[in-house]
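Data block for query09.cif (mmCIF, C-alpha atoms and all ligand atoms):
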```cif
data_model
#
loop_
_atom_site.label_atom_id
_atom_site.label_comp_id
_atom_site.auth_asym_id
_atom_site.auth_seq_id
_atom_site.Cartn_x
_atom_site.Cartn_y
_atom_site.Cartn_z
CA MET A 1 9.35 28.45 5.79
CA SER A 2 8.00 26.60 8.83
CA GLU A 3 10.34 24.76 11.09
CA THR A 4 10.09 21.00 10.66
CA PHE A 5 10.19 18.23 13.27
CA ARG A 6 13.37 17.20 15.06
CA ARG A 7 12.53 13.81 16.58
CA VAL A 8 9.99 11.60 14.80
CA LEU A 9 8.64 8.32 16.15
CA ILE A 10 7.32 5.98 13.45
CA VAL A 11 5.23 3.10 14.71
CA GLY A 12 4.90 0.47 11.97
CA THR A 13 7.92 0.40 9.66
CA GLY A 14 6.20 -1.78 7.04
CA LEU A 15 5.43 -0.90 3.43
CA ILE A 16 3.95 2.56 4.10
CA GLY A 17 5.86 3.52 7.28
CA GLY A 18 9.12 2.27 5.76
CA SER A 19 8.55 4.16 2.50
CA LEU A 20 7.79 7.34 4.47
CA CYS A 21 11.03 6.94 6.46
CA LEU A 22 13.03 6.58 3.24
CA SER A 23 11.50 9.71 1.73
CA ILE A 24 11.85 11.76 4.94
CA LYS A 25 15.53 10.77 5.17
CA LYS A 26 16.06 11.92 1.59
CA GLU A 27 14.74 15.50 2.03
CA CYS A 28 15.12 16.03 5.79
CA PRO A 29 18.21 14.07 6.84
CA GLN A 30 18.46 16.19 10.00
CA ALA A 31 15.28 14.63 11.44
CA ILE A 32 15.98 11.81 13.91
CA LEU A 33 13.76 8.88 12.96
CA VAL A 34 12.98 6.35 15.66
CA GLY A 35 11.24 3.18 14.48
CA MET A 36 9.04 0.81 16.47
CA ASP A 37 7.36 -2.30 15.10
CA ALA A 38 6.03 -5.61 16.37
CA ASN A 39 8.10 -7.24 13.62
CA GLU A 40 11.79 -7.07 14.54
CA SER A 41 13.09 -8.00 11.11
CA SER A 42 11.34 -4.98 9.54
CA LEU A 43 13.07 -2.75 12.08
CA GLU A 44 16.49 -4.33 11.60
CA GLU A 45 16.22 -4.04 7.84
CA ALA A 46 15.14 -0.38 8.15
CA LEU A 47 18.07 0.38 10.46
CA LYS A 48 20.52 -1.46 8.19
CA VAL A 49 19.68 0.78 5.21
CA ARG A 50 19.55 3.92 7.46
CA ALA A 51 15.83 4.45 6.83
CA ILE A 52 15.64 4.95 10.60
CA ASP A 53 18.30 6.19 13.02
CA GLU A 54 17.22 4.25 16.09
CA ILE A 55 15.01 1.38 17.18
CA GLY A 56 12.71 2.34 20.04
CA THR A 57 11.92 -0.23 22.71
CA ASP A 58 9.61 1.59 25.14
CA PHE A 59 6.59 3.20 23.46
CA VAL A 60 5.71 5.62 26.27
CA ALA A 61 9.33 6.73 26.76
CA GLU A 62 9.67 7.36 23.03
CA VAL A 63 6.38 9.28 22.78
CA LEU A 64 7.52 11.57 25.61
CA LYS A 65 10.68 12.47 23.64
CA ALA A 66 9.06 12.81 20.18
CA ASP A 67 7.93 15.97 18.34
CA LEU A 68 5.93 13.97 15.80
CA LEU A 69 4.34 10.54 16.04
CA LEU A 70 3.57 8.81 12.73
CA LEU A 71 1.20 5.89 13.19
CA CYS A 72 1.69 3.56 10.22
CA THR A 73 -0.09 0.49 11.57
CA PRO A 74 -3.38 -1.17 10.52
CA VAL A 75 -6.37 1.10 11.25
CA LYS A 76 -7.63 -0.62 14.43
CA GLN A 77 -4.13 -0.58 15.98
CA THR A 78 -3.81 3.10 15.14
CA LEU A 79 -6.99 3.80 17.12
CA SER A 80 -5.58 1.98 20.17
CA PHE A 81 -2.28 3.87 20.00
CA LEU A 82 -4.11 7.19 19.81
CA LYS A 83 -6.20 6.34 22.89
CA GLU A 84 -3.04 5.32 24.77
CA VAL A 85 -1.20 8.56 23.91
CA ASP A 86 -4.18 10.68 24.95
CA LYS A 87 -3.80 9.35 28.52
CA LEU A 88 -0.10 10.34 28.87
CA SER A 89 1.14 13.38 30.78
CA LEU A 90 3.01 15.14 28.02
CA MET A 91 5.34 17.98 28.98
CA ARG A 92 5.44 19.45 25.47
CA PRO A 93 3.39 19.58 22.27
CA LEU A 94 3.14 16.42 20.17
CA VAL A 95 1.80 16.30 16.63
CA ILE A 96 0.36 12.95 15.51
CA SER A 97 -0.42 11.79 12.01
CA ASP A 98 -1.45 8.43 10.57
CA VAL A 99 -1.58 6.75 7.16
CA GLY A 100 -4.73 4.65 7.56
CA SER A 101 -6.87 3.85 4.53
CA THR A 102 -10.02 5.13 6.27
CA LYS A 103 -10.40 8.47 7.98
CA GLY A 104 -13.89 8.71 9.56
CA GLU A 105 -13.28 6.49 12.57
CA ILE A 106 -9.85 7.94 13.38
CA MET A 107 -11.01 11.56 12.95
CA GLY A 108 -14.05 10.79 15.15
CA LEU A 109 -11.65 9.72 17.88
CA ALA A 110 -9.20 12.58 17.20
CA GLU A 111 -11.95 15.14 17.78
CA THR A 112 -12.56 13.69 21.26
CA LEU A 113 -8.93 13.80 22.46
CA THR A 114 -8.67 15.60 25.78
CA ASN A 115 -4.89 15.99 26.03
CA ASP A 116 -4.24 19.63 25.14
CA GLN A 117 -0.66 18.91 24.05
CA LEU A 118 -1.88 16.82 21.11
CA SER A 119 -2.59 17.92 17.54
CA PHE A 120 -3.85 15.28 15.14
CA ILE A 121 -3.62 15.45 11.36
CA GLY A 122 -5.18 12.48 9.60
CA GLY A 123 -3.18 11.31 6.60
CA HIS A 124 -3.57 8.86 3.75
CA PRO A 125 -0.97 8.57 1.00
CA MET A 126 -3.01 7.21 -1.89
CA ALA A 127 -0.44 4.81 -3.24
CA GLY A 128 0.75 1.44 -2.16
CA SER A 129 0.67 -2.12 -3.30
CA HIS A 130 -0.46 -5.64 -2.48
CA LYS A 131 2.92 -6.21 -0.79
CA SER A 132 3.68 -5.76 2.92
CA GLY A 133 6.63 -5.15 5.18
CA PHE A 134 9.75 -2.99 5.02
CA ILE A 135 11.15 -5.33 2.36
CA ALA A 136 8.65 -3.80 -0.09
CA ALA A 137 9.27 -0.18 0.99
CA ASP A 138 10.22 2.19 -1.80
CA VAL A 139 11.49 5.77 -1.62
CA ASP A 140 9.49 6.62 -4.78
CA LEU A 141 6.25 4.92 -3.72
CA PHE A 142 4.30 8.16 -3.27
CA GLU A 143 5.74 10.17 -6.15
CA ASN A 144 2.91 12.04 -7.91
CA ALA A 145 0.32 10.26 -5.80
CA TYR A 146 -2.34 12.23 -3.92
CA TYR A 147 -1.62 12.45 -0.20
CA VAL A 148 -4.87 13.21 1.61
CA LEU A 149 -4.72 15.22 4.85
CA THR A 150 -7.67 15.58 7.25
CA PRO A 151 -6.50 17.96 10.01
CA SER A 152 -8.63 17.89 13.15
CA SER A 153 -10.55 21.09 13.93
CA THR A 154 -8.03 22.53 16.41
CA VAL A 155 -4.92 22.11 14.23
CA SER A 156 -3.32 25.29 12.86
CA ALA A 157 -2.41 25.79 9.21
CA GLU A 158 1.20 26.27 10.37
CA THR A 159 1.26 22.75 11.89
CA VAL A 160 -0.10 21.30 8.64
CA ASP A 161 2.66 23.17 6.75
CA ARG A 162 5.28 21.70 9.08
CA LEU A 163 4.05 18.18 8.39
CA GLN A 164 4.01 18.80 4.65
CA ALA A 165 7.56 20.17 4.82
CA LEU A 166 8.75 16.99 6.54
CA LEU A 167 6.97 14.84 3.96
CA LYS A 168 8.25 16.84 0.98
CA GLY A 169 10.50 13.95 -0.06
CA THR A 170 7.43 11.80 -0.80
CA ARG A 171 6.82 14.11 -3.79
CA GLY A 172 3.13 13.42 -3.16
CA LYS A 173 0.40 15.94 -4.00
CA PHE A 174 -1.15 17.08 -0.73
CA VAL A 175 -4.88 17.63 -0.70
CA GLU A 176 -7.19 18.43 2.23
CA MET A 177 -10.74 17.09 2.51
CA THR A 178 -13.18 16.01 5.18
CA ALA A 179 -13.00 12.49 6.56
CA ALA A 180 -16.51 11.81 5.22
CA GLU A 181 -15.53 12.86 1.68
CA HIS A 182 -12.39 10.75 1.93
CA ASP A 183 -14.23 7.61 3.05
CA GLN A 184 -16.94 8.01 0.42
CA ILE A 185 -14.38 8.36 -2.38
CA THR A 186 -12.00 5.62 -1.23
CA GLY A 187 -14.99 3.36 -0.52
CA VAL A 188 -15.85 3.55 -4.23
CA VAL A 189 -12.40 3.67 -5.85
CA SER A 190 -10.41 1.46 -3.48
CA HIS A 191 -12.39 -0.54 -0.92
CA LEU A 192 -15.27 -1.82 -3.09
CA PRO A 193 -12.84 -2.81 -5.92
CA HIS A 194 -10.87 -4.74 -3.31
CA ILE A 195 -13.94 -6.71 -2.28
CA ILE A 196 -14.79 -7.42 -5.92
CA ALA A 197 -11.22 -8.54 -6.77
CA SER A 198 -11.17 -10.96 -3.84
CA ALA A 199 -14.67 -12.24 -4.66
CA LEU A 200 -13.58 -12.90 -8.26
CA VAL A 201 -10.68 -15.03 -7.07
CA LYS A 202 -13.00 -16.96 -4.74
CA HIS A 203 -15.52 -17.39 -7.57
CA ASN A 204 -12.82 -18.80 -9.83
CA GLN A 205 -11.72 -21.27 -7.13
CA VAL A 206 -15.00 -23.19 -7.34
CA LEU A 207 -14.26 -24.04 -10.97
CA VAL A 208 -10.55 -24.68 -10.30
CA LYS A 209 -11.59 -27.63 -8.13
CA GLN A 210 -13.65 -29.16 -10.96
CA LEU A 211 -11.44 -28.13 -13.87
CA PRO A 212 -7.82 -27.51 -12.78
CA MET A 213 -6.99 -26.07 -16.23
CA THR A 214 -8.93 -22.95 -15.14
CA LYS A 215 -5.89 -21.76 -13.19
CA LYS A 216 -3.64 -22.10 -16.20
CA LEU A 217 -6.04 -20.37 -18.57
CA ALA A 218 -6.55 -17.38 -16.27
CA ALA A 219 -5.34 -14.71 -18.67
CA GLY A 220 -3.88 -11.21 -18.27
CA GLY A 221 -7.24 -9.54 -17.64
CA PHE A 222 -7.97 -11.81 -14.70
CA ARG A 223 -4.50 -11.21 -13.31
CA ASP A 224 -4.79 -7.40 -13.71
CA ILE A 225 -8.18 -7.14 -12.06
CA THR A 226 -7.31 -9.47 -9.17
CA ARG A 227 -3.74 -8.34 -8.28
CA ILE A 228 -4.95 -6.49 -5.19
CA ALA A 229 -6.54 -9.68 -3.82
CA SER A 230 -2.96 -10.65 -2.81
CA SER A 231 -2.91 -7.91 -0.14
CA ASP A 232 -2.75 -8.46 3.61
CA PRO A 233 -6.10 -9.88 4.83
CA ALA A 234 -5.76 -8.40 8.35
CA MET A 235 -5.24 -4.90 7.00
CA TRP A 236 -8.26 -5.19 4.69
CA THR A 237 -10.48 -6.60 7.43
CA ASP A 238 -9.76 -3.43 9.43
CA ILE A 239 -10.46 -1.23 6.39
CA LEU A 240 -13.85 -2.81 5.68
CA LEU A 241 -15.01 -2.66 9.29
CA SER A 242 -13.81 0.91 9.56
CA ASN A 243 -15.76 2.04 6.48
CA GLN A 244 -18.78 -0.14 7.13
CA GLU A 245 -21.55 2.38 6.52
CA VAL A 246 -20.24 3.57 3.15
CA LEU A 247 -19.45 0.05 1.98
CA VAL A 248 -22.83 -1.41 2.95
CA ALA A 249 -24.52 1.28 0.83
CA GLU A 250 -22.09 0.85 -2.08
CA MET A 251 -22.46 -2.93 -2.08
CA LYS A 252 -26.24 -2.61 -2.26
CA ASP A 253 -25.80 -0.29 -5.23
CA TRP A 254 -23.39 -2.76 -6.80
CA GLN A 255 -25.88 -5.60 -6.36
CA LYS A 256 -28.47 -3.49 -8.20
CA GLN A 257 -26.02 -2.98 -11.05
CA MET A 258 -25.31 -6.72 -11.23
CA ALA A 259 -29.05 -7.43 -11.21
CA ASP A 260 -29.51 -5.02 -14.15
CA ILE A 261 -26.76 -6.68 -16.19
CA LEU A 262 -28.18 -10.11 -15.39
CA ASN A 263 -31.56 -8.96 -16.60
CA TRP A 264 -30.15 -7.62 -19.91
CA LEU A 265 -28.33 -10.90 -20.45
CA GLU A 266 -31.40 -13.03 -19.73
CA ARG A 267 -33.34 -10.95 -22.22
CA ALA A 268 -30.39 -11.00 -24.70
CA ASP A 269 -30.73 -7.21 -24.86
CA LYS A 270 -27.83 -6.64 -27.27
CA GLN A 271 -28.11 -2.85 -27.52
CA THR A 272 -28.21 -2.25 -23.76
CA ILE A 273 -25.27 -4.59 -23.21
CA PHE A 274 -23.30 -2.79 -25.94
CA ASP A 275 -24.18 0.63 -24.44
CA PHE A 276 -23.04 -0.58 -21.02
CA PHE A 277 -19.62 -1.64 -22.33
CA ALA A 278 -19.29 1.48 -24.50
CA SER A 279 -20.02 3.89 -21.66
CA ALA A 280 -17.67 2.01 -19.31
CA LYS A 281 -14.91 2.19 -21.97
CA ASN A 282 -15.45 5.95 -22.39
CA ALA A 283 -15.26 6.51 -18.63
CA ARG A 284 -12.15 4.31 -18.28
CA ASP A 285 -10.39 5.99 -21.24
CA ALA A 286 -11.14 9.41 -19.73
CA LEU A 287 -9.40 8.63 -16.41
CA PRO A 288 -6.42 10.98 -15.94
CA GLN A 289 -3.15 9.40 -17.05
CA ARG A 290 -0.95 8.45 -14.10
CA LYS A 291 2.45 10.09 -14.36
CA SER A 292 5.43 7.82 -13.87
CA GLY A 293 6.06 7.18 -10.21
CA ALA A 294 2.37 7.22 -9.33
CA ILE A 295 2.27 3.71 -10.71
CA PRO A 296 3.65 1.62 -7.90
CA ALA A 297 6.97 0.08 -8.86
CA PHE A 298 6.74 -3.55 -7.78
CA ASN A 299 10.26 -4.24 -9.08
CA ASP A 300 9.22 -7.74 -10.07
CA LEU A 301 10.45 -9.68 -13.06
CA PHE A 302 8.80 -12.93 -14.10
CA VAL A 303 11.09 -15.45 -15.77
CA GLN A 304 9.93 -18.60 -17.52
CA VAL A 305 12.37 -21.40 -16.82
CA PRO A 306 12.42 -24.99 -18.04
CA ASP A 307 11.49 -27.36 -15.26
CA HIS A 308 15.05 -28.76 -14.89
CA PRO A 309 17.18 -29.21 -11.77
CA GLY A 310 19.80 -26.45 -11.56
CA GLU A 311 17.78 -23.92 -13.55
CA ILE A 312 17.16 -21.60 -10.58
CA ALA A 313 20.89 -21.67 -9.76
CA LYS A 314 21.62 -20.72 -13.39
CA VAL A 315 19.30 -17.68 -13.19
CA THR A 316 20.69 -16.50 -9.85
CA GLY A 317 24.23 -17.18 -11.11
CA ILE A 318 23.74 -14.86 -14.11
CA LEU A 319 22.50 -12.11 -11.78
CA ALA A 320 25.24 -12.65 -9.20
CA GLY A 321 27.84 -12.48 -12.01
CA ALA A 322 26.66 -8.93 -12.74
CA ASN A 323 26.37 -7.99 -9.05
CA VAL A 324 22.58 -7.57 -9.24
CA SER A 325 20.98 -8.51 -5.91
CA LEU A 326 17.55 -9.99 -5.40
CA THR A 327 15.32 -9.05 -2.49
CA ASN A 328 13.03 -12.04 -3.05
CA LEU A 329 12.61 -15.13 -5.22
CA LYS A 330 9.39 -17.09 -5.52
CA ILE A 331 8.31 -20.00 -7.72
CA ILE A 332 4.80 -18.98 -8.62
CA GLU A 333 3.32 -21.35 -11.15
CA ASN A 334 3.84 -24.00 -13.79
CA ARG A 335 3.01 -23.22 -17.38
CA GLU A 336 2.50 -25.90 -19.98
CA ASP A 337 3.98 -28.38 -17.48
CA ILE A 338 7.54 -28.13 -18.87
CA PHE A 339 8.01 -24.53 -17.68
CA GLY A 340 7.92 -22.93 -14.27
CA THR A 341 7.74 -19.20 -13.59
CA LEU A 342 10.09 -17.47 -11.19
CA GLN A 343 9.06 -14.20 -9.62
CA LEU A 344 12.25 -12.24 -8.98
CA THR A 345 12.03 -9.07 -6.89
CA PHE A 346 14.72 -6.41 -7.07
CA LYS A 347 15.52 -3.27 -5.08
CA ASN A 348 14.64 -0.86 -7.85
CA GLN A 349 13.56 -0.48 -11.47
CA GLN A 350 17.14 -0.04 -12.65
CA ASP A 351 18.03 -3.54 -11.43
CA VAL A 352 14.86 -4.93 -13.05
CA LYS A 353 16.01 -3.52 -16.43
CA ILE A 354 19.57 -4.87 -16.03
CA ALA A 355 18.21 -8.30 -15.04
CA PHE A 356 15.76 -8.27 -17.95
CA ASN A 357 18.59 -7.66 -20.44
CA LEU A 358 20.93 -10.21 -18.89
CA LEU A 359 18.35 -12.97 -18.64
CA THR A 360 16.84 -12.48 -22.09
CA LYS A 361 20.05 -11.79 -24.04
CA ASP A 362 22.66 -13.88 -22.21
CA GLY A 363 20.39 -16.48 -20.65
CA GLY A 364 17.89 -16.87 -23.51
CA TYR A 365 15.00 -16.77 -21.03
CA THR A 366 11.54 -15.35 -21.67
CA CYS A 367 10.99 -12.57 -19.14
CA TYR A 368 8.09 -10.23 -18.54
CA GLU A 369 7.02 -7.48 -16.12
CA LYS A 370 3.39 -7.12 -15.05
N1 LIG B 1 -0.69 -1.24 1.68
C1 LIG B 1 -1.05 -0.16 1.04
O1 LIG B 1 -1.00 -0.13 -0.18
C2 LIG B 1 -1.52 1.03 1.80
C3 LIG B 1 -1.80 0.95 3.14
N2 LIG B 1 -2.21 2.06 3.83
C4 LIG B 1 -2.46 1.99 5.26
O2 LIG B 1 -1.18 1.99 5.88
C5 LIG B 1 -1.19 1.26 7.10
C6 LIG B 1 -0.04 0.29 7.12
O3 LIG B 1 -0.15 -0.57 6.00
P1 LIG B 1 1.12 -1.26 5.33
O4 LIG B 1 2.33 -0.45 5.54
O5 LIG B 1 0.70 -1.63 3.97
O6 LIG B 1 1.19 -2.58 6.18
P2 LIG B 1 2.50 -3.43 6.60
O7 LIG B 1 1.99 -4.72 7.10
O8 LIG B 1 3.49 -3.43 5.50
O9 LIG B 1 3.06 -2.56 7.81
C7 LIG B 1 2.39 -2.42 9.03
C8 LIG B 1 3.40 -2.63 10.12
O10 LIG B 1 2.78 -2.36 11.37
C9 LIG B 1 3.31 -3.29 12.30
N3 LIG B 1 2.39 -3.43 13.42
C10 LIG B 1 1.14 -3.90 13.41
N4 LIG B 1 0.60 -3.85 14.64
C11 LIG B 1 1.54 -3.31 15.45
C12 LIG B 1 1.59 -3.00 16.83
N5 LIG B 1 0.54 -3.21 17.63
N6 LIG B 1 2.74 -2.47 17.31
C13 LIG B 1 3.81 -2.24 16.51
N7 LIG B 1 3.81 -2.52 15.20
C14 LIG B 1 2.69 -3.04 14.67
C15 LIG B 1 3.50 -4.58 11.52
O11 LIG B 1 4.43 -5.44 12.13
C16 LIG B 1 3.96 -4.04 10.17
O12 LIG B 1 5.37 -4.01 10.05
C17 LIG B 1 -2.58 0.64 7.19
O13 LIG B 1 -3.36 1.39 8.08
C18 LIG B 1 -3.15 0.75 5.79
O14 LIG B 1 -4.54 0.91 5.81
C19 LIG B 1 -2.30 3.29 3.22
C20 LIG B 1 -2.00 3.43 1.91
C21 LIG B 1 -1.64 2.30 1.07
O1 LIG B 2 -2.09 -2.02 -4.79
C1 LIG B 2 -2.84 -1.11 -5.14
O2 LIG B 2 -3.03 -0.81 -6.32
C2 LIG B 2 -3.56 -0.30 -4.13
O3 LIG B 2 -4.64 0.16 -4.37
C3 LIG B 2 -2.84 -0.06 -2.86
C4 LIG B 2 -3.58 0.71 -1.85
C5 LIG B 2 -4.10 0.04 -0.76
C6 LIG B 2 -4.72 0.74 0.25
C7 LIG B 2 -4.81 2.10 0.15
O4 LIG B 2 -5.41 2.77 1.15
C8 LIG B 2 -4.29 2.81 -0.91
C9 LIG B 2 -3.65 2.10 -1.93
#
```

What would the structure in this file look like if it were written as structure tokens?
Amino acid sequence: MSETFRRVLIVGTGLIGGSLCLSIKKECPQAILVGMDANESSLEEALKVRAIDEIGTDFVAEVLKADLLLLCTPVKQTLSFLKEVDKLSLMRPLVISDVGSTKGEIMGLAETLTNDQLSFIGGHPMAGSHKSGFIAADVDLFENAYYVLTPSSTVSAETVDRLQALLKGTRGKFVEMTAAEHDQITGVVSHLPHIIASALVKHNQVLVKQLPMTKKLAAGGFRDITRIASSDPAMWTDILLSNQEVLVAEMKDWQKQMADILNWLERADKQTIFDFFASAKNARDALPQRKSGAIPAFNDLFVQVPDHPGEIAKVTGILAGANVSLTNLKIIENREDIFGTLQLTFKNQQDVKIAFNLLTKDGGYTCYEK
């Protein structure tokens, strides 16, 4: 069994960095986790729940003391940190890994590092959500999810094993591939769908202005396919620019597919349209089932409440009476004018279930999960 890392510096204790800290703490409590983040409240929250042991204040000083640096920031920031570390006079070996959604650009830079103390292993845990910040971090976020590793050419198998040992608590499935393979695959299954989801929301907005009922009639399918459009725009801007070549090619392909469908529709080509839907259904039905845990737990419960003063206090009162804490509460929409919908976010799935039972049985509310 390889020795794991003693002192780990995590830069970016948001959704992904925070979730990694929680899972490292679970399996490797002996590792000292030092968090750094531009957002102080993320750090304070992480320290409060012991996801990290210390808050770092001086990046260079912390890098000099660390055995492992985990860069969990948006892709472009990760590139800057890597360049900065390469310039430091390190007295001992430092392993660096990242979690960025693209791998080509970062691996291109990693292969040019001149500091012989550095070993870089690209990483991408293939699970997450549209939420951001430590508040959304979840110890089970990566369970059963693929965790892609792209070690740079000089990294030994033993170093990769050490990283995997530290990340054992993620219960992710580690898989190695080249950065080019990674960016091609994620371009198709993650980045292009993200563009399409956001474009669908934008497309819908044109009609919302003319016919406001559009928003209210947007049914489950529209919600399912556009959930990811709620993600952080800065993070996705970095992802698109960092996978530009793949995405330009894929978008051209997509345009061709749209042009074909348009043509079938203009010609009212019933058989071809049917075949298109039938083959898409077959392909979708044949996707491997996701085991529990690989489905991100958003821990949200949606509660329909009559639009009366005091109704929110009644809901929170029922929960407080049973000692169930909320991590967030949002009023998200009005339905049929006399109802509003509350989005309640809990710490874990267990609290969601307790809240569901309390609010439906005792409170008489209509509740649903998405
Ligand atoms: N959101 C998701 O579902 C997934 C995201 N990723 C990748 O993980 C990385 C982080 O994403 P999330 O955790 O979702 O974002 P996040 O916004 O929840 O966390 C990023 C954190 O980095 C901090 N940060 C940004 N610039 C900084 C700087 N210069 N110095 C110090 N801290 C800085 C932010 O304050 C924030 O707390 C991104 O590279 C993203 O591509 C990978 C897998 C899934
Ligand atoms: O919310 C979702 O379903 C996602 O797809 C999250 C996600 C975002 C970025 C990634 O690089 C990987 C996963």

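A straight line drawn from atom CA of A:Gly317 to atom CA of A:Leu344 is 13.1 Å long.
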
Taking a cut-off of 7 Å and counting all atoms listed in the file, can you build a table that, for each residue of chain A near ligand LIG 1 (chain B), reports the nearest atom pair and how far apart they are in Å (one decimal), sorted by chain then residue number, as a tab-separated table?
```
residue	atom	partner	partner_atom	distance
A:Val11	CA	B:LIG1	C13	5.8
A:Gly12	CA	B:LIG1	O10	3.6
A:Thr13	CA	B:LIG1	O12	5.1
A:Gly14	CA	B:LIG1	O9	3.3
A:Leu15	CA	B:LIG1	O4	3.8
A:Ile16	CA	B:LIG1	O4	3.7
A:Gly17	CA	B:LIG1	O4	5.6
A:Met36	CA	B:LIG1	C13	6.1
A:Asp37	CA	B:LIG1	N7	3.6
A:Ala38	CA	B:LIG1	N7	4.0
A:Asn39	CA	B:LIG1	O11	4.4
A:Ser42	CA	B:LIG1	O12	6.1
A:Cys72	CA	B:LIG1	C6	4.8
A:Thr73	CA	B:LIG1	O10	4.0
A:Pro74	CA	B:LIG1	O13	3.5
A:Val75	CA	B:LIG1	O13	4.4
A:Gln77	CA	B:LIG1	N5	5.6
A:Val99	CA	B:LIG1	O2	4.9
A:Gly100	CA	B:LIG1	O13	3.6
A:Ser101	CA	B:LIG1	O14	4.0
A:Thr102	CA	B:LIG1	O14	6.9
A:His124	CA	B:LIG1	C19	5.7
A:Pro125	CA	B:LIG1	C20	5.3
A:Met126	CA	B:LIG1	C20	5.5
A:Ala127	CA	B:LIG1	C21	5.1
A:Gly128	CA	B:LIG1	O1	3.1
A:Ser129	CA	B:LIG1	O1	4.1
A:His130	CA	B:LIG1	O1	6.0
A:Lys131	CA	B:LIG1	N1	6.6
A:Ser132	CA	B:LIG1	O8	3.5
A:Gly133	CA	B:LIG1	O8	3.6
A:Phe134	CA	B:LIG1	O8	6.3
A:Asp232	CA	B:LIG1	O7	7.0
A:Met235	CA	B:LIG1	O14	6.0
A:Ile239	CA	B:LIG1	O14	6.3
```

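The closest residue to A:Ile332, picked from A:Leu319, A:Leu301, A:Leu71, A:Ile52 and counting only C-alpha atoms, is A:Leu301.
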
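Considering all atoms listed in the file, the residue among A:Phe222, A:Phe346, A:Trp236, A:Phe302 positioned nearest to ligand LIG 2 (chain B) is A:Trp236.
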
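Of the listed residues (A:Val324, A:Val34, A:Val148, A:Ile195), A:Val324 comes nearest to A:Gln349; the distances count only C-alpha atoms.
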
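In this model, the gap between atom CA of A:Asp116 and atom CA of A:Asp67 comes to 14.4 Å.
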
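Nearest-residue note for ligand LIG 2 (chain B): choosing from A:Gly221, A:Gly122, A:Gly310, A:Pro193, the minimum distance belongs to A:Pro193, counting only C-alpha atoms and all ligand atoms.
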
Exercise for the section: Could you tell me how far atom C5 of ligand LIG 2 (chain B) lies from atom CA of A:Asn243, in Å and to one decimal? Expected result: 13.9 Å

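Excluding stretch 173-182 of chain A itself and same-chain residues fewer than 4 positions from it, the residues having an atom within 7 Å of it are Lys103, Gly104, Met107, Asn144, Ala145, Tyr146, Tyr147, Val148, Leu149, Thr150 and Thr186 of chain A, counting all atoms listed in the file.
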
Exercise for the section: For A:Ser19, list every protein, DNA or RNA residue within 7 Å, evaluated using all atoms listed in the file, and leave out those in the same chain fewer than 3 positions away; present the list as a ChimeraX atom specification. Expected result: /A:15-16,22-23,137-139,141

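With all atoms listed in the file as the basis for measurement, A:Leu192 is the residue among A:Ala46, A:Leu192, A:Ala280, A:Ala249 that approaches ligand LIG 2 (chain B) most closely.
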
Fill in the blank from the handout: Judged by all atoms listed in the file, the minimum distance to ligand LIG 2 (chain B) among A:Phe142, A:Phe339, A:Trp264, A:Phe276 is found for A:Phe142

Handout entry: Distance query A:Phe298 at most 8 Å, only C-alpha atoms, self and fewer than 2 positions along chain excluded, as a ChimeraX atom specification
Key = /A:129,136,296,300,345
